[in-house]
Amino acid sequence: MQETGRKKSKGIFKKYILKAHLWLGLLSGIIVLIVSLSGAFFVFNEDITAALRKEDIFHGEKDIQHKKPIPLHELKDLVNAQLKNEIVKTDEVTIPIDPARSYQFGLIKGNPDGWHHFNSIIIYKNVYVNQYTGKVLAIYDVKNNPFFICMALHRSLLLSDKVGGTIVGVATIIFVVMLVTGIVLWWPKNKKMRKQRLWFQWEKVKGWRRKNYDVHNILGFYASFLAFIVAITGIMYSFRITQMWVYVVLNGFSSATTDFSKYKTTAPESAESVTTIDRIVEQVKIHYPEAYSFGVDLEDHAQADHKHENLSIWIKEKEFTYAESSMMIFDEHSGKLLFNHPHENKPMAERATDATYDLHVGAFFGMPGKILAFIMSLFCASLPVTGFMIWWGRKNKKKTTT
């Protein structure tokens, strides 16, 4: 009698789980489809971009071991002089550690009142420059680049981050619930059924409904493990407060972070010269000779629309990943190093949250991870389609039988 009661309660539980799975899937399906397909397209973005821009990424200058880059204040003026038709001037540069690679200047102008991708970004361009001659090698329009548009579609459905990012974030939370309920529904009663649900057994199956049902369940099962990681890291991007929650948990339930506020520029403005920024650049290269690149703010701080407490430089350790990064803080007037924060000295919680992007796109595990992320994204894209077909097939079947 007790056994019968248990089976009945399990049946009722699965019935409600099925209803939740169904209606949540119908509610979020189209967004999950868009986000999954755009995610799959974006996975190899940096690899493809690097291959297509190879001639401009490497400037080809000869005998560079006996040459020095043009000082940054002069180089900035040379670049802006060649960009007469642009509506903004460059005031930032990414400097590679490898001297054979070109400097990359940025042209950026945003519109905080824009409500979609194309009017919230006025201009976003990458300018590749030979740092030994000052010649502009190429200008790439990032705003209208298919990969960048795809990223905006993936993150915010081409709407503003506030509106579109929230919609995607909520849909991703629903997707996590779908993964959990899907595993509950998939879970077999015994070993014999487990074998049937781990792979396709279509020798005697002819109907498309059964095959579609198997595709939904089997692909969903294999995608769920990686999809859960990708979904959680996606939520961390949509709702930044979740990053803090993850940090607190990994930091022993403490929200304590490294205090950078005490590192401020104290030298008088008169201590700054045109060579200060170049001396800072040399210090970064000395401290991180094996890194990939670092960014430098070239904005005229006297004319800036916001106050600079110091000059902070973020160092990217590897080409296609962001998890390993370091930071150096300088007195912007004297060029004195105030604080060095290498990746290996970061607490585990900070290193883990720094890995959010790399985990999201699979880059944390190198090329094999990206390939898995690509396949998993296609699997996830199939779930709303096959799930809808299951619902549609059952609905029409009921109509024909009545």
# chains A, B, ... in the order shown; residues from 1 in each chain; ligands from 1
$ residues_around --residues "stretch 261-270 of chain A" --least-positions-apart "5" --cutoff "6 Å" --atoms "only C-alpha atoms" --output "count of residues only"
4
$ select_by_dssp --residues "stretch 221-402 of chain A" --states "strand (DSSP E)" --output "list in words"
Ser293, Phe294, Gly295, Val296, Asp297, Leu311, Ser312, Ile313, Trp314, Ile315, Lys316, Ser325, Ser326, Met327, Met328, Ile329, Phe330, Leu337, Leu338, Phe339, Asn340 and His341 of chain A
$ residues_around --residues "A:Ile70" --least-positions-apart "3" --cutoff "12 Å" --atoms "only C-alpha atoms" --output "PyMOL selection string"
chain A and resi 67+73-79+103+129-135+275+278
$ write_last_selection --atoms "N, CA and C atoms" --output "PDB file, in the first residue's frame"
ATOM      1  N   LYS A  67      65.409  49.277 -33.461  1.00  0.00           N
ATOM      2  CA  LYS A  67      64.534  50.450 -33.532  1.00  0.00           C
ATOM      3  C   LYS A  67      63.703  50.571 -32.267  1.00  0.00           C
ATOM      4  N   HIS A  73      53.016  60.164 -27.201  1.00  0.00           N
ATOM      5  CA  HIS A  73      52.363  61.460 -27.453  1.00  0.00           C
ATOM      6  C   HIS A  73      52.529  61.878 -28.908  1.00  0.00           C
ATOM      7  N   GLU A  74      53.658  61.545 -29.511  1.00  0.00           N
ATOM      8  CA  GLU A  74      53.869  61.846 -30.935  1.00  0.00           C
ATOM      9  C   GLU A  74      53.061  60.893 -31.812  1.00  0.00           C
ATOM     10  N   LEU A  75      53.062  59.621 -31.426  1.00  0.00           N
ATOM     11  CA  LEU A  75      52.347  58.611 -32.216  1.00  0.00           C
ATOM     12  C   LEU A  75      50.853  58.900 -32.247  1.00  0.00           C
ATOM     13  N   LYS A  76      50.314  59.309 -31.106  1.00  0.00           N
ATOM     14  CA  LYS A  76      48.893  59.654 -31.041  1.00  0.00           C
ATOM     15  C   LYS A  76      48.564  60.787 -32.010  1.00  0.00           C
ATOM     16  N   ASP A  77      49.390  61.805 -32.051  1.00  0.00           N
ATOM     17  CA  ASP A  77      49.159  62.940 -32.954  1.00  0.00           C
ATOM     18  C   ASP A  77      49.284  62.513 -34.423  1.00  0.00           C
ATOM     19  N   LEU A  78      50.259  61.647 -34.709  1.00  0.00           N
ATOM     20  CA  LEU A  78      50.435  61.150 -36.082  1.00  0.00           C
ATOM     21  C   LEU A  78      49.211  60.357 -36.544  1.00  0.00           C
ATOM     22  N   VAL A  79      48.681  59.533 -35.652  1.00  0.00           N
ATOM     23  CA  VAL A  79      47.501  58.727 -35.980  1.00  0.00           C
ATOM     24  C   VAL A  79      46.290  59.617 -36.209  1.00  0.00           C
ATOM     25  N   TYR A 103      50.509  48.279 -32.940  1.00  0.00           N
ATOM     26  CA  TYR A 103      49.707  48.918 -31.909  1.00  0.00           C
ATOM     27  C   TYR A 103      48.265  49.002 -32.425  1.00  0.00           C
ATOM     28  N   VAL A 129      48.279  50.317 -36.303  1.00  0.00           N
ATOM     29  CA  VAL A 129      49.319  51.307 -36.603  1.00  0.00           C
ATOM     30  C   VAL A 129      50.706  50.687 -36.455  1.00  0.00           C
ATOM     31  N   ASN A 130      51.580  50.990 -37.401  1.00  0.00           N
ATOM     32  CA  ASN A 130      52.992  50.630 -37.284  1.00  0.00           C
ATOM     33  C   ASN A 130      53.629  51.619 -36.317  1.00  0.00           C
ATOM     34  N   GLN A 131      53.983  51.163 -35.131  1.00  0.00           N
ATOM     35  CA  GLN A 131      54.487  52.048 -34.074  1.00  0.00           C
ATOM     36  C   GLN A 131      55.886  52.577 -34.348  1.00  0.00           C
ATOM     37  N   TYR A 132      56.552  52.060 -35.392  1.00  0.00           N
ATOM     38  CA  TYR A 132      57.903  52.511 -35.727  1.00  0.00           C
ATOM     39  C   TYR A 132      57.891  53.617 -36.782  1.00  0.00           C
ATOM     40  N   THR A 133      56.806  53.686 -37.564  1.00  0.00           N
ATOM     41  CA  THR A 133      56.697  54.711 -38.614  1.00  0.00           C
ATOM     42  C   THR A 133      55.517  55.658 -38.377  1.00  0.00           C
ATOM     43  N   GLY A 134      54.543  55.217 -37.591  1.00  0.00           N
ATOM     44  CA  GLY A 134      53.347  56.020 -37.366  1.00  0.00           C
ATOM     45  C   GLY A 134      52.287  55.831 -38.438  1.00  0.00           C
ATOM     46  N   LYS A 135      52.540  54.951 -39.393  1.00  0.00           N
ATOM     47  CA  LYS A 135      51.593  54.753 -40.497  1.00  0.00           C
ATOM     48  C   LYS A 135      50.383  53.930 -40.040  1.00  0.00           C
ATOM     49  N   THR A 275      57.110  62.437 -21.673  1.00  0.00           N
ATOM     50  CA  THR A 275      57.723  61.100 -21.670  1.00  0.00           C
ATOM     51  C   THR A 275      57.216  60.214 -20.516  1.00  0.00           C
ATOM     52  N   ASP A 278      55.492  57.024 -21.625  1.00  0.00           N
ATOM     53  CA  ASP A 278      56.421  56.058 -22.228  1.00  0.00           C
ATOM     54  C   ASP A 278      57.235  55.345 -21.144  1.00  0.00           C
TER      55      ASP A 278
END
$ residues_around --residues "stretch 361-370 of chain A" --least-positions-apart "5" --cutoff "12 Å" --atoms "only C-alpha atoms" --output "MDAnalysis selection string"
chainID A and resid 36 38:47 151 154 226:227 229:231 233:234 318:324 352 354:356 375:377
$ closest_residue --among "A:Val35, A:Leu337, A:Ala152, A:Ile123" --to "A:Asn111" --atoms "only C-alpha atoms"
A:Ile123
$ closest_residue --among "A:Leu372, A:Val246, A:Ile31, A:Val176" --to "A:Met348" --atoms "only C-alpha atoms"
A:Val246
$ residues_around --residues "A:Ile241" --least-positions-apart "6" --cutoff "12 Å" --atoms "only C-alpha atoms" --output "PDB file with all heavy atoms, in the first residue's frame"
ATOM      1  N   ILE A 235      24.329  34.295 -16.860  1.00  0.00           N
ATOM      2  CA  ILE A 235      23.546  35.027 -15.856  1.00  0.00           C
ATOM      3  C   ILE A 235      24.439  36.006 -15.103  1.00  0.00           C
ATOM      4  O   ILE A 235      24.031  37.125 -14.769  1.00  0.00           O
ATOM      5  CB  ILE A 235      22.875  34.035 -14.881  1.00  0.00           C
ATOM      6  CG1 ILE A 235      21.799  33.226 -15.612  1.00  0.00           C
ATOM      7  CG2 ILE A 235      22.253  34.770 -13.689  1.00  0.00           C
ATOM      8  CD1 ILE A 235      21.274  32.046 -14.832  1.00  0.00           C
ATOM      9  N   TYR A 247      31.551  35.318  -5.869  1.00  0.00           N
ATOM     10  CA  TYR A 247      32.797  35.735  -5.217  1.00  0.00           C
ATOM     11  C   TYR A 247      32.720  35.485  -3.710  1.00  0.00           C
ATOM     12  O   TYR A 247      33.655  34.937  -3.104  1.00  0.00           O
ATOM     13  CB  TYR A 247      33.067  37.218  -5.492  1.00  0.00           C
ATOM     14  CG  TYR A 247      34.342  37.735  -4.864  1.00  0.00           C
ATOM     15  CD1 TYR A 247      35.527  37.739  -5.577  1.00  0.00           C
ATOM     16  CD2 TYR A 247      34.361  38.204  -3.553  1.00  0.00           C
ATOM     17  CE1 TYR A 247      36.714  38.196  -5.012  1.00  0.00           C
ATOM     18  CE2 TYR A 247      35.528  38.656  -2.968  1.00  0.00           C
ATOM     19  CZ  TYR A 247      36.704  38.655  -3.703  1.00  0.00           C
ATOM     20  OH  TYR A 247      37.860  39.106  -3.122  1.00  0.00           O
ATOM     21  N   VAL A 248      31.609  35.877  -3.092  1.00  0.00           N
ATOM     22  CA  VAL A 248      31.440  35.737  -1.641  1.00  0.00           C
ATOM     23  C   VAL A 248      31.499  34.268  -1.230  1.00  0.00           C
ATOM     24  O   VAL A 248      32.163  33.911  -0.253  1.00  0.00           O
ATOM     25  CB  VAL A 248      30.104  36.371  -1.191  1.00  0.00           C
ATOM     26  CG1 VAL A 248      29.776  35.975   0.248  1.00  0.00           C
ATOM     27  CG2 VAL A 248      30.178  37.890  -1.301  1.00  0.00           C
ATOM     28  N   SER A 255      32.871  39.174   1.701  1.00  0.00           N
ATOM     29  CA  SER A 255      32.824  40.074   0.548  1.00  0.00           C
ATOM     30  C   SER A 255      34.066  40.957   0.453  1.00  0.00           C
ATOM     31  O   SER A 255      34.125  41.869  -0.376  1.00  0.00           O
ATOM     32  CB  SER A 255      31.574  40.966   0.627  1.00  0.00           C
ATOM     33  OG  SER A 255      31.607  41.736   1.818  1.00  0.00           O
ATOM     34  N   THR A 353      36.173  34.424 -10.665  1.00  0.00           N
ATOM     35  CA  THR A 353      35.245  35.349 -11.316  1.00  0.00           C
ATOM     36  C   THR A 353      35.877  35.985 -12.558  1.00  0.00           C
ATOM     37  O   THR A 353      35.165  36.328 -13.503  1.00  0.00           O
ATOM     38  CB  THR A 353      34.785  36.440 -10.331  1.00  0.00           C
ATOM     39  OG1 THR A 353      35.929  37.027  -9.679  1.00  0.00           O
ATOM     40  CG2 THR A 353      33.869  35.856  -9.270  1.00  0.00           C
TER      41      THR A 353
END
$ closest_residue --among "A:Ile232, A:Leu185, A:Leu26, A:Ala138" --to "A:Trp391" --atoms "only C-alpha atoms"
A:Leu26
$ atom_distance --atom1 "atom CA of A:Lys54" --atom2 "atom CA of A:Val127"
13.6 Å
$ residues_around --residues "A:Ser224" --least-positions-apart "4" --cutoff "7 Å" --atoms "only C-alpha atoms" --output "ChimeraX atom specification"
/A:179,220,228
$ write_last_selection --atoms "all heavy atoms" --output "CSV table (one decimal), in the first residue's frame"
chain,number,residue,atom,x,y,z
A,179,LEU,N,16.8,23.0,-17.7
A,179,LEU,CA,17.8,22.0,-17.6
A,179,LEU,C,17.6,21.0,-16.5
A,179,LEU,O,17.7,19.8,-16.6
A,179,LEU,CB,19.2,22.6,-17.5
A,179,LEU,CG,19.7,23.4,-18.8
A,179,LEU,CD1,21.0,24.0,-18.4
A,179,LEU,CD2,19.9,22.4,-19.9
A,220,GLY,N,19.5,16.9,-25.3
A,220,GLY,CA,19.3,17.7,-24.1
A,220,GLY,C,20.1,17.2,-22.9
A,220,GLY,O,20.8,17.9,-22.2
A,228,PHE,N,24.8,24.1,-18.4
A,228,PHE,CA,24.6,24.6,-17.1
A,228,PHE,C,25.7,25.6,-16.8
A,228,PHE,O,25.4,26.7,-16.2
A,228,PHE,CB,24.6,23.5,-16.1
A,228,PHE,CG,24.2,23.9,-14.7
A,228,PHE,CD1,22.9,24.1,-14.4
A,228,PHE,CD2,25.1,24.1,-13.7
A,228,PHE,CE1,22.5,24.5,-13.1
A,228,PHE,CE2,24.8,24.6,-12.4
A,228,PHE,CZ,23.4,24.8,-12.1
$ residues_around --residues "A:Ser156" --least-positions-apart "4" --cutoff "10 Å" --atoms "only C-alpha atoms" --output "ChimeraX atom specification"
/A:35,116-117,150-152,160-169,238
$ atom_distance --atom1 "atom CA of A:Ile121" --atom2 "atom CA of A:Ala171"
24.7 Å
$ closest_residue --among "A:Leu219, A:Ile286, A:Tyr357, A:Thr181" --to "A:Tyr16" --atoms "only C-alpha atoms"
A:Thr181
